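Asks: This is protein24.cif, which holds mmCIF, C-alpha atoms and all ligand atoms:
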data_query
#
loop_
_atom_site.group_PDB
_atom_site.id
_atom_site.type_symbol
_atom_site.label_atom_id
_atom_site.label_comp_id
_atom_site.auth_asym_id
_atom_site.auth_seq_id
_atom_site.Cartn_x
_atom_site.Cartn_y
_atom_site.Cartn_z
ATOM 1 C CA MET A 1 8.794 -32.406 -10.628
ATOM 2 C CA MET A 2 11.118 -29.757 -12.048
ATOM 3 C CA LYS A 3 14.270 -28.905 -10.165
ATOM 4 C CA ASP A 4 13.717 -25.849 -7.954
ATOM 5 C CA ILE A 5 14.745 -22.477 -9.360
ATOM 6 C CA ALA A 6 16.077 -21.602 -5.926
ATOM 7 C CA THR A 7 19.321 -23.550 -5.891
ATOM 8 C CA PRO A 8 22.702 -21.897 -6.420
ATOM 9 C CA ILE A 9 23.389 -23.975 -9.539
ATOM 10 C CA ARG A 10 20.032 -23.506 -11.231
ATOM 11 C CA THR A 11 20.009 -19.775 -10.429
ATOM 12 C CA GLN A 12 23.443 -19.421 -12.032
ATOM 13 C CA GLU A 13 22.314 -21.420 -15.050
ATOM 14 C CA ILE A 14 19.218 -19.267 -15.520
ATOM 15 C CA MET A 15 21.172 -16.048 -15.198
ATOM 16 C CA ALA A 16 23.838 -17.225 -17.633
ATOM 17 C CA LYS A 17 21.253 -18.447 -20.153
ATOM 18 C CA HIS A 18 19.554 -15.042 -20.189
ATOM 19 C CA GLY A 19 22.700 -12.957 -19.790
ATOM 20 C CA LEU A 20 21.254 -11.498 -16.623
ATOM 21 C CA THR A 21 23.152 -9.462 -14.049
ATOM 22 C CA VAL A 22 21.550 -8.322 -10.797
ATOM 23 C CA LYS A 23 20.497 -4.703 -10.332
ATOM 24 C CA LYS A 24 21.397 -3.696 -6.804
ATOM 25 C CA SER A 25 19.431 -0.458 -7.196
ATOM 26 C CA LEU A 26 16.245 -2.559 -7.468
ATOM 27 C CA GLY A 27 17.049 -4.551 -4.338
ATOM 28 C CA GLN A 28 17.668 -7.752 -6.284
ATOM 29 C CA ASN A 29 18.793 -10.446 -3.868
ATOM 30 C CA PHE A 30 17.525 -13.769 -5.148
ATOM 31 C CA LEU A 31 16.703 -16.669 -2.840
ATOM 32 C CA ILE A 32 18.745 -19.790 -3.501
ATOM 33 C CA ASP A 33 17.515 -22.081 -0.722
ATOM 34 C CA PRO A 34 14.368 -24.209 -1.203
ATOM 35 C CA ASN A 35 14.121 -24.839 2.558
ATOM 36 C CA ILE A 36 13.680 -21.185 3.380
ATOM 37 C CA LEU A 37 11.088 -20.895 0.611
ATOM 38 C CA ARG A 38 9.098 -23.779 2.077
ATOM 39 C CA LYS A 39 9.204 -22.091 5.471
ATOM 40 C CA ILE A 40 8.031 -18.751 4.057
ATOM 41 C CA VAL A 41 5.181 -20.299 2.104
ATOM 42 C CA SER A 42 4.032 -22.430 5.047
ATOM 43 C CA GLN A 43 3.616 -19.233 7.083
ATOM 44 C CA ALA A 44 0.969 -18.098 4.600
ATOM 45 C CA ASN A 45 -1.327 -21.151 5.103
ATOM 46 C CA LEU A 46 -2.289 -21.331 1.439
ATOM 47 C CA THR A 47 -4.592 -23.870 -0.155
ATOM 48 C CA LYS A 48 -5.657 -24.322 -3.762
ATOM 49 C CA GLN A 49 -8.641 -22.127 -2.831
ATOM 50 C CA SER A 50 -6.236 -19.272 -2.008
ATOM 51 C CA ALA A 51 -4.534 -16.744 -4.225
ATOM 52 C CA ALA A 52 -1.128 -15.217 -3.585
ATOM 53 C CA ILE A 53 0.107 -11.780 -4.558
ATOM 54 C CA GLU A 54 3.858 -11.476 -4.946
ATOM 55 C CA ILE A 55 5.870 -8.273 -5.200
ATOM 56 C CA GLY A 56 9.090 -8.701 -7.157
ATOM 57 C CA PRO A 57 9.164 -12.277 -8.471
ATOM 58 C CA GLY A 58 12.783 -11.866 -9.640
ATOM 59 C CA ILE A 59 13.597 -15.046 -11.577
ATOM 60 C CA GLY A 60 10.693 -16.919 -9.982
ATOM 61 C CA ALA A 61 12.226 -18.630 -6.933
ATOM 62 C CA LEU A 62 9.332 -17.884 -4.586
ATOM 63 C CA THR A 63 6.762 -17.653 -7.375
ATOM 64 C CA GLU A 64 7.021 -21.331 -8.232
ATOM 65 C CA HIS A 65 6.553 -22.381 -4.612
ATOM 66 C CA LEU A 66 3.473 -20.147 -4.485
ATOM 67 C CA ALA A 67 2.195 -21.598 -7.762
ATOM 68 C CA ARG A 68 2.409 -25.078 -6.245
ATOM 69 C CA ALA A 69 0.667 -24.103 -2.990
ATOM 70 C CA ALA A 70 -2.021 -21.667 -4.190
ATOM 71 C CA GLY A 71 -4.733 -21.718 -6.815
ATOM 72 C CA LYS A 72 -3.434 -18.587 -8.494
ATOM 73 C CA VAL A 73 -0.437 -16.236 -8.248
ATOM 74 C CA LEU A 74 -0.432 -12.595 -9.263
ATOM 75 C CA ALA A 75 3.021 -11.006 -9.313
ATOM 76 C CA PHE A 76 4.205 -7.434 -9.891
ATOM 77 C CA GLU A 77 7.729 -6.969 -11.268
ATOM 78 C CA ILE A 78 9.286 -3.595 -12.075
ATOM 79 C CA ASP A 79 12.310 -4.882 -14.042
ATOM 80 C CA GLN A 80 11.416 -5.439 -17.689
ATOM 81 C CA ARG A 81 14.513 -7.637 -18.216
ATOM 82 C CA LEU A 82 12.998 -10.263 -15.937
ATOM 83 C CA LEU A 83 9.810 -10.786 -17.961
ATOM 84 C CA PRO A 84 11.278 -13.146 -20.583
ATOM 85 C CA VAL A 85 13.205 -14.940 -17.827
ATOM 86 C CA LEU A 86 10.006 -15.539 -15.858
ATOM 87 C CA ASP A 87 8.239 -16.677 -19.022
ATOM 88 C CA ASP A 88 10.906 -19.320 -19.328
ATOM 89 C CA THR A 89 11.368 -20.403 -15.688
ATOM 90 C CA LEU A 90 7.651 -20.476 -14.878
ATOM 91 C CA SER A 91 6.572 -22.229 -18.077
ATOM 92 C CA PRO A 92 5.638 -25.410 -16.140
ATOM 93 C CA TYR A 93 2.967 -23.434 -14.226
ATOM 94 C CA ASP A 94 -0.269 -22.220 -15.789
ATOM 95 C CA ASN A 95 -1.606 -20.365 -12.757
ATOM 96 C CA VAL A 96 0.747 -17.370 -12.654
ATOM 97 C CA SER A 97 0.067 -13.859 -13.986
ATOM 98 C CA ILE A 98 2.910 -11.363 -14.090
ATOM 99 C CA ILE A 99 2.210 -7.644 -14.273
ATOM 100 C CA HIS A 100 5.073 -5.426 -15.395
ATOM 101 C CA SER A 101 4.731 -2.501 -13.005
ATOM 102 C CA ASP A 102 6.172 -0.614 -10.098
ATOM 103 C CA ILE A 103 4.022 -1.895 -7.226
ATOM 104 C CA LEU A 104 3.910 1.633 -5.791
ATOM 105 C CA LYS A 105 2.211 2.874 -8.963
ATOM 106 C CA ALA A 106 0.063 -0.181 -9.677
ATOM 107 C CA ASP A 107 -3.704 -0.267 -9.278
ATOM 108 C CA VAL A 108 -3.652 -3.384 -7.122
ATOM 109 C CA ALA A 109 -7.393 -3.406 -6.373
ATOM 110 C CA ASP A 110 -8.123 -3.383 -10.096
ATOM 111 C CA ALA A 111 -5.599 -6.182 -10.752
ATOM 112 C CA ILE A 112 -7.178 -8.281 -7.985
ATOM 113 C CA ALA A 113 -10.642 -7.750 -9.464
ATOM 114 C CA LYS A 114 -9.437 -8.781 -12.923
ATOM 115 C CA GLU A 115 -6.969 -11.563 -12.147
ATOM 116 C CA LEU A 116 -8.173 -13.080 -8.878
ATOM 117 C CA GLU A 117 -11.899 -13.200 -9.441
ATOM 118 C CA GLY A 118 -13.578 -15.834 -7.267
ATOM 119 C CA TYR A 119 -10.714 -16.032 -4.752
ATOM 120 C CA GLU A 120 -11.865 -15.092 -1.282
ATOM 121 C CA ASP A 121 -8.632 -15.903 0.485
ATOM 122 C CA ILE A 122 -5.782 -13.707 -0.730
ATOM 123 C CA MET A 123 -2.335 -13.426 0.875
ATOM 124 C CA VAL A 124 0.572 -11.197 -0.052
ATOM 125 C CA VAL A 125 3.773 -13.246 0.056
ATOM 126 C CA ALA A 126 7.036 -11.622 -0.962
ATOM 127 C CA ASN A 127 10.752 -11.261 -0.551
ATOM 128 C CA LEU A 128 10.592 -7.487 -0.694
ATOM 129 C CA PRO A 129 13.097 -5.137 -2.334
ATOM 130 C CA TYR A 130 14.720 -3.668 0.794
ATOM 131 C CA TYR A 131 14.953 -0.089 -0.473
ATOM 132 C CA VAL A 132 11.155 0.283 -0.392
ATOM 133 C CA THR A 133 9.815 -2.169 2.199
ATOM 134 C CA THR A 134 7.866 0.326 4.314
ATOM 135 C CA PRO A 135 6.172 2.214 1.442
ATOM 136 C CA ILE A 136 5.082 -1.095 -0.095
ATOM 137 C CA ILE A 137 3.599 -2.471 3.135
ATOM 138 C CA MET A 138 1.871 0.835 3.935
ATOM 139 C CA LYS A 139 0.431 1.101 0.430
ATOM 140 C CA LEU A 140 -1.038 -2.400 0.620
ATOM 141 C CA LEU A 141 -2.582 -1.681 4.030
ATOM 142 C CA LEU A 142 -3.867 1.825 3.309
ATOM 143 C CA GLU A 143 -5.580 0.772 0.091
ATOM 144 C CA LYS A 144 -7.756 -1.537 2.165
ATOM 145 C CA LEU A 145 -7.393 -4.411 -0.270
ATOM 146 C CA PRO A 146 -9.374 -7.635 0.183
ATOM 147 C CA ILE A 147 -6.384 -9.550 1.596
ATOM 148 C CA ARG A 148 -6.090 -11.807 4.671
ATOM 149 C CA GLY A 149 -2.587 -10.600 5.405
ATOM 150 C CA LEU A 150 1.047 -10.451 4.386
ATOM 151 C CA VAL A 151 4.049 -12.724 4.846
ATOM 152 C CA VAL A 152 7.141 -10.803 3.842
ATOM 153 C CA MET A 153 10.899 -10.984 4.030
ATOM 154 C CA LEU A 154 12.564 -7.699 4.889
ATOM 155 C CA GLN A 155 15.492 -6.196 6.805
ATOM 156 C CA LYS A 156 15.617 -7.660 10.322
ATOM 157 C CA GLU A 157 15.872 -4.191 11.835
ATOM 158 C CA VAL A 158 12.637 -3.070 10.135
ATOM 159 C CA ALA A 159 10.979 -6.378 11.042
ATOM 160 C CA GLU A 160 11.833 -5.691 14.688
ATOM 161 C CA ARG A 161 10.364 -2.201 14.518
ATOM 162 C CA ILE A 162 7.150 -3.406 12.861
ATOM 163 C CA THR A 163 6.536 -6.144 15.444
ATOM 164 C CA ALA A 164 7.772 -4.217 18.511
ATOM 165 C CA LYS A 165 5.703 -4.003 21.686
ATOM 166 C CA PRO A 166 5.346 -0.849 23.836
ATOM 167 C CA GLY A 167 8.187 -0.215 26.235
ATOM 168 C CA THR A 168 10.879 -1.515 23.907
ATOM 169 C CA LYS A 169 13.524 0.420 21.999
ATOM 170 C CA ALA A 170 12.213 -0.662 18.610
ATOM 171 C CA TYR A 171 8.638 0.491 19.322
ATOM 172 C CA GLY A 172 7.641 3.621 17.431
ATOM 173 C CA SER A 173 5.287 5.155 14.911
ATOM 174 C CA LEU A 174 5.971 2.373 12.364
ATOM 175 C CA SER A 175 5.009 -0.316 14.915
ATOM 176 C CA ILE A 176 1.802 1.596 15.600
ATOM 177 C CA ALA A 177 0.914 2.283 11.959
ATOM 178 C CA ILE A 178 1.150 -1.408 11.129
ATOM 179 C CA GLN A 179 -0.247 -2.907 14.331
ATOM 180 C CA TYR A 180 -3.215 -0.562 14.034
ATOM 181 C CA TYR A 181 -4.277 -2.511 10.919
ATOM 182 C CA THR A 182 -2.725 -5.920 11.570
ATOM 183 C CA GLU A 183 -1.516 -8.379 14.129
ATOM 184 C CA ALA A 184 2.193 -8.492 13.345
ATOM 185 C CA GLU A 185 4.561 -11.228 14.442
ATOM 186 C CA MET A 186 8.129 -12.257 13.792
ATOM 187 C CA ALA A 187 8.082 -15.567 11.897
ATOM 188 C CA LEU A 188 11.694 -16.379 10.960
ATOM 189 C CA THR A 189 15.123 -14.865 11.074
ATOM 190 C CA VAL A 190 17.048 -15.591 7.922
ATOM 191 C CA PRO A 191 20.802 -15.991 7.393
ATOM 192 C CA LYS A 192 22.519 -14.025 4.620
ATOM 193 C CA GLY A 193 23.719 -17.211 2.928
ATOM 194 C CA VAL A 194 20.306 -17.990 1.424
ATOM 195 C CA PHE A 195 20.568 -15.053 -0.998
ATOM 196 C CA MET A 196 22.483 -14.408 -4.164
ATOM 197 C CA PRO A 197 24.065 -11.910 -3.974
ATOM 198 C CA GLN A 198 24.091 -11.686 -0.183
ATOM 199 C CA PRO A 199 22.539 -8.486 1.210
ATOM 200 C CA ASN A 200 24.537 -6.240 3.549
ATOM 201 C CA VAL A 201 21.925 -6.459 6.300
ATOM 202 C CA ASP A 202 20.319 -9.285 8.266
ATOM 203 C CA SER A 203 16.865 -10.432 7.177
ATOM 204 C CA ALA A 204 13.695 -11.708 8.774
ATOM 205 C CA VAL A 205 10.235 -12.865 7.753
ATOM 206 C CA ILE A 206 7.220 -11.346 9.434
ATOM 207 C CA LYS A 207 3.577 -12.280 9.268
ATOM 208 C CA MET A 208 0.906 -9.597 9.403
ATOM 209 C CA THR A 209 -2.709 -10.706 9.738
ATOM 210 C CA LYS A 210 -5.262 -8.032 9.010
ATOM 211 C CA ARG A 211 -7.611 -7.187 11.861
ATOM 212 C CA PRO A 212 -11.354 -7.160 11.050
ATOM 213 C CA THR A 213 -11.367 -3.594 12.404
ATOM 214 C CA PRO A 214 -8.409 -1.443 13.470
ATOM 215 C CA GLN A 215 -7.012 -2.090 16.934
ATOM 216 C CA VAL A 216 -8.526 1.120 18.287
ATOM 217 C CA GLU A 217 -11.408 3.248 17.060
ATOM 218 C CA VAL A 218 -10.441 6.899 16.551
ATOM 219 C CA ILE A 219 -12.317 9.992 15.402
ATOM 220 C CA ASP A 220 -9.798 10.849 12.688
ATOM 221 C CA GLU A 221 -7.152 8.405 11.422
ATOM 222 C CA ASP A 222 -4.881 11.041 9.893
ATOM 223 C CA PHE A 223 -4.881 13.008 13.114
ATOM 224 C CA PHE A 224 -4.172 9.825 15.110
ATOM 225 C CA PHE A 225 -1.130 9.105 12.923
ATOM 226 C CA LYS A 226 0.001 12.710 13.272
ATOM 227 C CA VAL A 227 -0.106 12.353 17.057
ATOM 228 C CA THR A 228 1.758 9.041 17.054
ATOM 229 C CA ARG A 229 4.462 10.265 14.652
ATOM 230 C CA GLY A 230 4.819 13.512 16.585
ATOM 231 C CA SER A 231 5.221 11.653 19.875
ATOM 232 C CA PHE A 232 8.414 9.923 18.702
ATOM 233 C CA VAL A 233 10.211 12.794 16.966
ATOM 234 C CA GLN A 234 12.526 13.202 19.949
ATOM 235 C CA ARG A 235 12.429 9.785 21.556
ATOM 236 C CA ARG A 236 14.186 10.832 24.744
ATOM 237 C CA LYS A 237 11.786 13.672 25.481
ATOM 238 C CA THR A 238 8.461 13.341 27.266
ATOM 239 C CA ILE A 239 5.195 12.994 25.415
ATOM 240 C CA PHE A 240 4.216 16.471 26.679
ATOM 241 C CA ASN A 241 7.356 17.962 25.155
ATOM 242 C CA ASN A 242 6.959 16.198 21.832
ATOM 243 C CA LEU A 243 3.303 17.176 21.529
ATOM 244 C CA GLN A 244 4.148 20.853 22.005
ATOM 245 C CA ALA A 245 6.156 20.645 18.803
ATOM 246 C CA ALA A 246 3.662 18.416 16.986
ATOM 247 C CA MET A 247 0.389 20.271 17.629
ATOM 248 C CA PRO A 248 -0.400 23.547 15.828
ATOM 249 C CA ASP A 249 0.661 26.444 18.124
ATOM 250 C CA GLY A 250 1.445 23.725 20.675
ATOM 251 C CA LYS A 251 3.991 25.893 22.537
ATOM 252 C CA GLU A 252 1.377 28.567 23.223
ATOM 253 C CA LYS A 253 -1.354 26.041 23.926
ATOM 254 C CA LYS A 254 0.531 23.930 26.455
ATOM 255 C CA ASP A 255 -2.412 24.050 28.849
ATOM 256 C CA LEU A 256 -4.693 22.385 26.273
ATOM 257 C CA ILE A 257 -2.142 19.638 25.705
ATOM 258 C CA LEU A 258 -1.894 19.059 29.453
ATOM 259 C CA LYS A 259 -5.664 18.988 29.668
ATOM 260 C CA ALA A 260 -5.938 16.401 26.885
ATOM 261 C CA LEU A 261 -3.246 14.262 28.538
ATOM 262 C CA GLU A 262 -5.080 14.453 31.855
ATOM 263 C CA GLU A 263 -8.442 13.620 30.250
ATOM 264 C CA ALA A 264 -6.836 10.620 28.545
ATOM 265 C CA GLY A 265 -5.309 9.497 31.843
ATOM 266 C CA ILE A 266 -1.716 9.829 30.649
ATOM 267 C CA ASP A 267 1.044 11.176 32.854
ATOM 268 C CA PRO A 268 2.699 14.026 30.877
ATOM 269 C CA THR A 269 6.164 12.902 31.978
ATOM 270 C CA ARG A 270 5.840 9.552 30.207
ATOM 271 C CA ARG A 271 7.696 8.958 26.953
ATOM 272 C CA GLY A 272 5.918 8.012 23.745
ATOM 273 C CA GLU A 273 7.480 4.576 23.686
ATOM 274 C CA THR A 274 5.586 3.594 26.862
ATOM 275 C CA LEU A 275 2.107 4.237 25.433
ATOM 276 C CA SER A 276 0.027 1.387 24.042
ATOM 277 C CA ILE A 277 -1.852 1.853 20.765
ATOM 278 C CA LYS A 278 -5.104 2.049 22.728
ATOM 279 C CA GLU A 279 -3.665 4.825 24.913
ATOM 280 C CA PHE A 280 -2.546 6.713 21.805
ATOM 281 C CA GLY A 281 -6.055 6.332 20.379
ATOM 282 C CA GLY A 282 -7.653 7.797 23.506
ATOM 283 C CA LEU A 283 -5.118 10.624 23.604
ATOM 284 C CA ALA A 284 -5.519 11.450 19.909
ATOM 285 C CA ASP A 285 -9.283 11.782 20.347
ATOM 286 C CA LYS A 286 -8.884 14.157 23.313
ATOM 287 C CA LEU A 287 -6.322 16.241 21.411
ATOM 288 C CA TYR A 288 -8.599 16.258 18.380
ATOM 289 C CA GLY A 289 -11.164 18.113 20.467
ATOM 290 C CA TYR A 290 -8.678 21.000 20.864
ATOM 291 C CA PHE A 291 -6.439 20.804 17.790
ATOM 292 C CA GLY A 292 -8.360 18.839 15.147
HETATM 293 N N1 LIG B 1 11.216 -13.027 -5.315
HETATM 294 C C1 LIG B 1 12.578 -13.139 -5.783
HETATM 295 C C2 LIG B 1 13.367 -14.043 -4.859
HETATM 296 O O1 LIG B 1 12.932 -14.174 -3.715
HETATM 297 O O2 LIG B 1 14.387 -14.577 -5.262
HETATM 298 C C3 LIG B 1 13.263 -11.777 -5.906
HETATM 299 C C4 LIG B 1 13.288 -10.920 -4.653
HETATM 300 S S1 LIG B 1 14.287 -9.494 -4.774
HETATM 301 C C5 LIG B 1 14.676 -9.245 -3.060
HETATM 302 C C6 LIG B 1 13.186 -8.128 -5.054
HETATM 303 C C7 LIG B 1 12.480 -8.084 -6.398
HETATM 304 O O3 LIG B 1 11.610 -6.944 -6.437
HETATM 305 C C8 LIG B 1 13.377 -7.938 -7.611
HETATM 306 O O4 LIG B 1 12.960 -8.842 -8.591
HETATM 307 C C9 LIG B 1 13.154 -6.497 -8.077
HETATM 308 O O5 LIG B 1 13.364 -6.305 -9.462
HETATM 309 C C10 LIG B 1 11.716 -6.283 -7.687
HETATM 310 N N2 LIG B 1 11.329 -4.870 -7.458
HETATM 311 C C11 LIG B 1 12.109 -3.871 -6.971
HETATM 312 N N3 LIG B 1 11.398 -2.741 -6.845
HETATM 313 C C12 LIG B 1 10.126 -3.025 -7.237
HETATM 314 C C13 LIG B 1 8.922 -2.262 -7.329
HETATM 315 N N4 LIG B 1 8.895 -0.970 -6.970
HETATM 316 N N5 LIG B 1 7.802 -2.858 -7.808
HETATM 317 C C14 LIG B 1 7.834 -4.171 -8.163
HETATM 318 N N6 LIG B 1 8.946 -4.947 -8.097
HETATM 319 C C15 LIG B 1 10.072 -4.388 -7.629
#
For the file at hand, write its structure as structure tokens.
Ligand code: SAM

Replies:
Amino acid sequence: MMKDIATPIRTQEIMAKHGLTVKKSLGQNFLIDPNILRKIVSQANLTKQSAAIEIGPGIGALTEHLARAAGKVLAFEIDQRLLPVLDDTLSPYDNVSIIHSDILKADVADAIAKELEGYEDIMVVANLPYYVTTPIIMKLLLEKLPIRGLVVMLQKEVAERITAKPGTKAYGSLSIAIQYYTEAEMALTVPKGVFMPQPNVDSAVIKMTKRPTPQVEVIDEDFFFKVTRGSFVQRRKTIFNNLQAAMPDGKEKKDLILKALEEAGIDPTRRGETLSIKEFGGLADKLYGYFG
């Protein structure tokens, strides 16, 4: 078997051969530790019947591990300079397709239909560019793609917010947005030394498994998200206070907000961070009756 791309020496060799320098603005922190790659890939439970979608293959460190574990890999890379590098480093693998595109602008459903035909088990596995982790995850969830879930490396602080449970400091509208669609768990915390160059922040890997249906059924999803976001704008204030600012004419219609809270069985003096996703769902539906 070929030597792994993800060793400090091989990474340096590849970069020197192609005259490549890292672009910090694109969040380029390459993995140089095969052990961490094995741990990431094992979290995805891939077989040769699975396909993997990677965002940002870089010079191919994770891509080659995915190519070994899965039947097919589809990767989106924004940086044109990396295409000839990937052509070179991934030449031993015939089951990788690279699409040159900004993942935020890509038609991922179309790419899946064209490139991953016949694959029923599809996982997103990526070491994400840290400047756009949340938009990427939200895009992939909102587009309701035919994926089983996501295993991604990201900033530890964001990982903690995504996986946070009610009643904790990290719990907020991001935790709710993601746990509404997925079961999210912390998988690994990752030391800075496994990257080249090393990022300024700590990293973690999380696993998000898509739920067959969202965690709570609501009348209107957009309205539900408006309520959850609005409930955390001023974290130290009560839910009643926050909702007055978040609902249209909420200051004048305080009585309707109180009524909705009462109907949903929620004490108006509670703070948003104490409400479960189910409680938010019930509350959003009651508020929808008055403000939707
Ligand atoms: N997978 C490689 C690894 O683990 O060594 C590289 C990971 S690096 C943290 C992030 C990668 O995402 C870089 O290759 C970067 O060029 C790419 N990237 C950044 N923004 C992107 C975007 N909007 N769409 C697709 N790729 C992007």

Asks: Have a look at A:Leu150, A:Val194, A:Ala69, A:Ala44 and name the one nearest to ligand LIG 1 (chain B); count all atoms listed in the file.

Replies: A:Val194

Asks: Got a sec to check which residues sit within 10 Å of (5.2, 1.4, -14.8), counting only C-alpha atoms, and write them as an NGL selection string?

Replies: :A and (77-80 or 99-106)

Asks: Would you work out the distance separating atom CA of Glu263 of chain A from atom CA of Lys278 of chain A, expressed in Å to one decimal?

Replies: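 One can read the atom CA of Glu263 of chain A to atom CA of Lys278 of chain A distance as 14.2 Å.
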
Asks: Which residues fall under the PyMOL selection byres (((chain A and resi 48) around 7) and not hetatm) in this file, as a PyMOL selection string?

Replies: chain A and resi 46-47+49-50+69-71

Asks: Of the residues A:Met186, A:Ala260, A:Leu243, A:Leu62, which is the one nearest to Arg38 of chain A, using all atoms listed in the file?

Replies: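 The answer is A:Leu62, which sits nearest to Arg38 of chain A.
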
Asks: Calculated over all atoms listed in the file, which of the candidates A:Ser276, A:Ala284, A:Asp220, A:Glu157 has the smallest distance to Ala246 of chain A?

Replies: A:Ala284

Asks: Decode the PyMOL selection byres (((chain A and resi 254) around 12) and not hetatm) for the given file into explicit residues and return them as a ChimeraX atom specification.

Replies: /A:239-253,255-261,268,287,290-291

Asks: Under the rule that only C-alpha atoms and all ligand atoms are counted, which of A:Gly149, A:Gly27, A:Pro34, A:Pro199 is the nearest residue to ligand LIG 1 (chain B)?

Replies: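 When distances to ligand LIG 1 (chain B) are compared using only C-alpha atoms and all ligand atoms, the smallest one comes from A:Gly27.
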
Asks: Which residues of chain A sit at most 8 Å from ligand LIG 1 (chain B), using all atoms listed in the file? Give each one's shortest atom pair and distance in Å (one decimal place), in chain and ascending residue order, as CSV.

Replies:
residue,atom,partner,partner_atom,distance
A:Ala6,CA,B:LIG1,O2,7.3
A:Lys23,CA,B:LIG1,O5,7.4
A:Leu26,CA,B:LIG1,C11,4.4
A:Gly27,CA,B:LIG1,C6,5.3
A:Gln28,CA,B:LIG1,S1,4.1
A:Asn29,CA,B:LIG1,C5,4.4
A:Phe30,CA,B:LIG1,O2,3.2
A:Leu31,CA,B:LIG1,O2,4.0
A:Ile32,CA,B:LIG1,O2,7.0
A:Glu54,CA,B:LIG1,N1,7.5
A:Ile55,CA,B:LIG1,N6,5.4
A:Gly56,CA,B:LIG1,O3,3.2
A:Pro57,CA,B:LIG1,N1,3.8
A:Gly58,CA,B:LIG1,O4,3.2
A:Ile59,CA,B:LIG1,C1,6.2
A:Gly60,CA,B:LIG1,C1,6.0
A:Ala61,CA,B:LIG1,O2,4.9
A:Leu62,CA,B:LIG1,O1,5.2
A:Thr63,CA,B:LIG1,N1,6.7
A:Phe76,CA,B:LIG1,C14,5.2
A:Glu77,CA,B:LIG1,N6,4.0
A:Ile78,CA,B:LIG1,C14,4.2
A:Asp79,CA,B:LIG1,O5,4.9
A:Leu82,CA,B:LIG1,O4,7.5
A:His100,CA,B:LIG1,C14,7.8
A:Ser101,CA,B:LIG1,C14,6.0
A:Asp102,CA,B:LIG1,N5,3.6
A:Ile103,CA,B:LIG1,N5,3.9
A:Leu104,CA,B:LIG1,N4,5.7
A:Lys105,CA,B:LIG1,N4,8.0
A:Ala126,CA,B:LIG1,N1,6.2
A:Asn127,CA,B:LIG1,O1,4.8
A:Leu128,CA,B:LIG1,C5,5.0
A:Pro129,CA,B:LIG1,C6,4.0
A:Tyr130,CA,B:LIG1,C5,6.8
A:Tyr131,CA,B:LIG1,N3,7.8
A:Val132,CA,B:LIG1,N4,7.1
A:Ile136,CA,B:LIG1,N4,7.9
A:Phe195,CA,B:LIG1,O2,7.5

Asks: Give me the residues of segment 180-227 of chain A that have any atom at most 10 Å from an atom of segment 167-174 of chain A; for each, the nearest atom pair and the distance in Å, rounded to one decimal. Use only C-alpha atoms, sort by chain and number, and format it as JSON lines.

Replies:
{"residue": "A:Tyr180", "atom": "CA", "partner": "A:Leu174", "partner_atom": "CA", "distance": 9.8}
{"residue": "A:Phe225", "atom": "CA", "partner": "A:Ser173", "partner_atom": "CA", "distance": 7.8}
{"residue": "A:Lys226", "atom": "CA", "partner": "A:Ser173", "partner_atom": "CA", "distance": 9.4}
{"residue": "A:Val227", "atom": "CA", "partner": "A:Ser173", "partner_atom": "CA", "distance": 9.2}

Asks: Determine the nearest neighbour of Asp33 of chain A from the options A:His18, A:Asp285, A:Val190, A:Met138, counting all atoms listed in the file.

Replies: A:Val190

Asks: With all atoms listed in the file as the counted atoms, please give the residues lying no more than 12 Å from Ser175 of chain A, apart from itself and same-chain residues fewer than 6 positions off, as a VMD selection string.

Replies: chain A and resid 134 138 157 to 169 181 to 185 208 225 228 to 229 232 273 275 to 277

Asks: Identify, on the basis of all atoms listed in the file, every residue whose closest approach to Arg271 of chain A does not exceed 8 Å; exclude the query and any residue fewer than 2 positions from it along the same chain; express the result as JSON, numbers by chain.

Replies: {"A": [231, 235, 236, 237, 238, 239, 269, 273, 274, 275]}

Asks: So what do you get for atom CA of Glu117 of chain A versus atom CA of Leu141 of chain A, distance-wise?

Replies: 20.0 Å

Asks: Can you turn the PyMOL selection byres (((chain A and resi 74) around 8) and not hetatm) into a concrete residue list for this file, as a list in words?

Replies: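 Checked against the file, the PyMOL selection byres (((chain A and resi 74) around 8) and not hetatm) matches Ala51, Ala52, Ile53, Glu54, Lys72, Val73, Ala75, Phe76, Val96, Ser97, Ile98, Ile99, Glu115 and Leu116 of chain A.
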
Asks: A:Glu217, A:Glu262, A:Asp267, A:Glu143: which is nearest Gly281 of chain A, counting all atoms listed in the file?

Replies: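 Distance minimum relative to Gly281 of chain A lands on A:Glu217.
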
Asks: What's the separation between atom CA of Lys192 of chain A and atom CA of Ile14 of chain A, in Å to one decimal place?

Replies: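 Computed distance, atom CA of Lys192 of chain A to atom CA of Ile14 of chain A, equals 21.1 Å.
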
Asks: Near Lys17 of chain A, within 10 Å and counting all atoms listed in the file, which residues show up once chain neighbours fewer than 5 positions away are dropped, as a list in words?

Replies: Thr11, Gln12 and Val85 of chain A

Asks: Write the residues of the selection above to a file with C-alpha atoms, as a CSV table (one decimal), in the frame of the given file.

Replies:
chain,number,residue,atom,x,y,z
A,11,THR,CA,20.0,-19.8,-10.4
A,12,GLN,CA,23.4,-19.4,-12.0
A,85,VAL,CA,13.2,-14.9,-17.8

Asks: Give me the segment 139-167 of chain A side of the contact with segment 107-114 of chain A, cut-off 10 Å, one line per residue showing its nearest atom pair and distance in Å at one decimal, counting all atoms listed in the file, sorted by chain and residue number, as a Markdown table.

Replies:
| residue | atom | partner | partner_atom | distance |
| --- | --- | --- | --- | --- |
| A:Lys139 | CA | A:Val108 | CA | 9.7 |
| A:Leu140 | CA | A:Val108 | CA | 8.2 |
| A:Glu143 | CA | A:Ala109 | CA | 7.9 |
| A:Lys144 | CA | A:Ala109 | CA | 8.7 |
| A:Leu145 | CA | A:Ala109 | CA | 6.2 |
| A:Pro146 | CA | A:Ala109 | CA | 8.0 |
| A:Ile147 | CA | A:Ile112 | CA | 9.7 |
